[in-house]
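Student: File follows, coords_33.pdb with PDB, C-alpha atoms and all ligand atoms:
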```
ATOM      1  CA  MET A   1      -9.178 -23.807 -11.270
ATOM      2  CA  ALA A   2     -12.245 -24.969 -13.113
ATOM      3  CA  ASN A   3     -13.269 -27.946 -15.147
ATOM      4  CA  VAL A   4     -13.091 -27.032 -18.800
ATOM      5  CA  GLU A   5     -13.802 -29.152 -21.853
ATOM      6  CA  CYS A   6     -11.578 -28.916 -24.900
ATOM      7  CA  PRO A   7     -13.723 -28.336 -28.018
ATOM      8  CA  HIS A   8     -11.104 -30.080 -30.180
ATOM      9  CA  CYS A   9     -10.620 -33.448 -28.464
ATOM     10  CA  LYS A  10     -13.392 -33.371 -25.802
ATOM     11  CA  ASN A  11     -10.826 -33.782 -23.058
ATOM     12  CA  THR A  12     -12.076 -32.440 -19.741
ATOM     13  CA  PHE A  13      -9.404 -31.113 -17.453
ATOM     14  CA  LYS A  14      -8.865 -28.695 -14.618
ATOM     15  CA  GLY A  15      -7.398 -25.554 -16.049
ATOM     16  CA  SER A  16      -6.760 -21.949 -15.225
ATOM     17  CA  PRO A  17      -7.316 -19.203 -17.781
ATOM     18  CA  LEU A  18      -4.170 -18.012 -19.488
ATOM     19  CA  LYS A  19      -2.878 -14.625 -18.387
ATOM     20  CA  GLY A  20      -0.941 -11.815 -19.981
ATOM     21  CA  VAL A  21       1.456 -12.826 -22.723
ATOM     22  CA  ALA A  22       0.191 -16.419 -22.791
ATOM     23  CA  ALA A  23      -3.362 -15.158 -23.273
ATOM     24  CA  ALA A  24      -2.205 -12.769 -26.000
ATOM     25  CA  THR A  25      -0.464 -15.635 -27.791
ATOM     26  CA  ALA A  26      -3.578 -17.791 -27.574
ATOM     27  CA  GLY A  27      -5.706 -14.879 -28.771
ATOM     28  CA  ALA A  28      -3.414 -14.268 -31.714
ATOM     29  CA  ILE A  29      -3.717 -17.910 -32.767
ATOM     30  CA  VAL A  30      -7.475 -18.038 -32.347
ATOM     31  CA  GLY A  31      -7.915 -14.580 -33.881
ATOM     32  CA  GLY A  32      -5.670 -15.478 -36.791
ATOM     33  CA  LYS A  33      -7.810 -18.494 -37.595
ATOM     34  CA  VAL A  34     -10.967 -16.420 -37.440
ATOM     35  CA  GLY A  35      -9.435 -13.736 -39.635
ATOM     36  CA  ALA A  36      -8.203 -16.341 -42.115
ATOM     37  CA  GLY A  37     -11.696 -17.868 -42.141
ATOM     38  CA  PHE A  38     -13.178 -14.566 -43.199
ATOM     39  CA  GLY A  39     -10.379 -14.055 -45.677
ATOM     40  CA  ILE A  40     -10.794 -17.444 -47.337
ATOM     41  CA  ALA A  41     -14.309 -16.412 -48.350
ATOM     42  CA  GLY A  42     -12.669 -13.581 -50.297
ATOM     43  CA  GLY A  43     -10.047 -15.726 -52.045
ATOM     44  CA  PRO A  44      -6.433 -16.771 -51.389
ATOM     45  CA  LEU A  45      -5.162 -13.225 -51.156
ATOM     46  CA  GLY A  46      -7.917 -12.407 -48.675
ATOM     47  CA  ALA A  47      -6.840 -15.286 -46.449
ATOM     48  CA  ILE A  48      -3.437 -13.696 -46.016
ATOM     49  CA  SER A  49      -4.784 -10.213 -45.484
ATOM     50  CA  GLY A  50      -7.361 -11.519 -43.019
ATOM     51  CA  LEU A  51      -4.842 -13.519 -41.006
ATOM     52  CA  ILE A  52      -2.700 -10.611 -39.892
ATOM     53  CA  PRO A  53      -5.391  -8.219 -38.597
ATOM     54  CA  GLY A  54      -7.153 -11.219 -37.085
ATOM     55  CA  ALA A  55      -4.022 -12.203 -35.197
ATOM     56  CA  ILE A  56      -3.302  -8.658 -34.052
ATOM     57  CA  GLY A  57      -6.900  -7.989 -33.064
ATOM     58  CA  GLY A  58      -7.188 -11.302 -31.270
ATOM     59  CA  GLY A  59      -3.942 -10.740 -29.425
ATOM     60  CA  VAL A  60      -4.878  -7.248 -28.312
ATOM     61  CA  ILE A  61      -8.395  -8.214 -27.264
ATOM     62  CA  SER A  62      -7.238 -11.244 -25.305
ATOM     63  CA  TYR A  63      -4.430  -9.305 -23.664
ATOM     64  CA  LEU A  64      -6.914  -6.699 -22.497
ATOM     65  CA  SER A  65      -9.631  -9.112 -21.415
ATOM     66  CA  SER A  66      -7.097 -11.778 -20.499
ATOM     67  CA  ASN A  67      -9.254 -14.409 -18.854
ATOM     68  CA  LYS A  68     -11.047 -16.540 -21.424
ATOM     69  CA  PHE A  69      -8.303 -18.541 -23.076
ATOM     70  CA  TYR A  70      -7.238 -22.041 -22.172
ATOM     71  CA  LYS A  71      -4.652 -24.439 -23.491
ATOM     72  CA  CYS A  72      -5.623 -28.111 -23.679
ATOM     73  CA  ASP A  73      -3.079 -30.325 -21.939
ATOM     74  CA  ILE A  74      -3.856 -33.288 -24.208
ATOM     75  CA  CYS A  75      -3.909 -31.914 -27.754
ATOM     76  CA  THR A  76      -2.044 -28.681 -26.799
ATOM     77  CA  ARG A  77      -4.375 -26.524 -28.857
ATOM     78  CA  TYR A  78      -5.644 -23.177 -27.656
ATOM     79  CA  PHE A  79      -9.330 -22.456 -27.336
ATOM     80  CA  MET A  80     -11.593 -19.758 -26.012
ATOM     81  CA  LEU A  81     -14.575 -20.186 -23.723
TER      82      LEU A  81
HETATM   83 ZN    ZN B   1      -7.758 -30.960 -26.578
END
```
Can you present the structure in this file as structure tokens?
Tutor:
Amino acid sequence: MANVECPHCKNTFKGSPLKGVAAATAGAIVGGKVGAGFGIAGGPLGAISGLIPGAIGGGVISYLSSNKFYKCDICTRYFML
């Protein structure tokens, strides 16, 4: 357990990194947003095409590394440290 600060709502709480499937889910969400962010720069169609590889890549990477994702217990959003 470690004190972590949520970047979304600034809540500080004691949390454990997500593991396995939970980490992959968090990674897919975070990765999807990053991929969509890149895609938006390329237009609406790019946002869709960026979302899917972003989600897959994020999910795979987080499943393999599997120790950097947290879920905020206040705003319930996922974030990566
Ligand atoms: Zn939060």
Student: Quick one: of A:Lys14, A:His8, A:Lys33, A:Arg77, who's nearest to Pro53 in chain A, counting all atoms listed in the file?
Tutor: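 Result for the nearest residue to Pro53 in chain A: A:Lys33.
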Student: How would you write, as JSON, numbers by chain, the residues chosen by the PyMOL selection byres (((not hetatm)) within 10 of (chain B and resi 1)) on this structure?
Tutor: {"A": [5, 6, 7, 8, 9, 10, 11, 12, 13, 70, 71, 72, 73, 74, 75, 76, 77, 78, 79]}
Student: Just the residues within 9 Å of Leu18 in chain A, please, counting all atoms listed in the file, with nothing from its chain fewer than 3 positions along; format it as a list in words.
Tutor: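 Non-adjacent residues within range: Gly15, Val21, Ala22, Ala23, Ala24, Ala26, Ser66, Asn67, Lys68, Phe69, Tyr70 and Lys71 of chain A.
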Student: Nearest residue to Val30 in chain A out of A:Gly54, A:Asn3, A:Leu81, A:Ser16, using all atoms listed in the file?
Tutor: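 Between A:Gly54, A:Asn3, A:Leu81, A:Ser16, the residue approaching Val30 in chain A most closely is A:Gly54.
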Student: Mind pulling up the distance from CA of Met80 in chain A to CA of Thr25 in chain A?
Tutor: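 Straight-line distance from CA of Thr25 in chain A to CA of Met80 in chain A works out to 12.0 Å.
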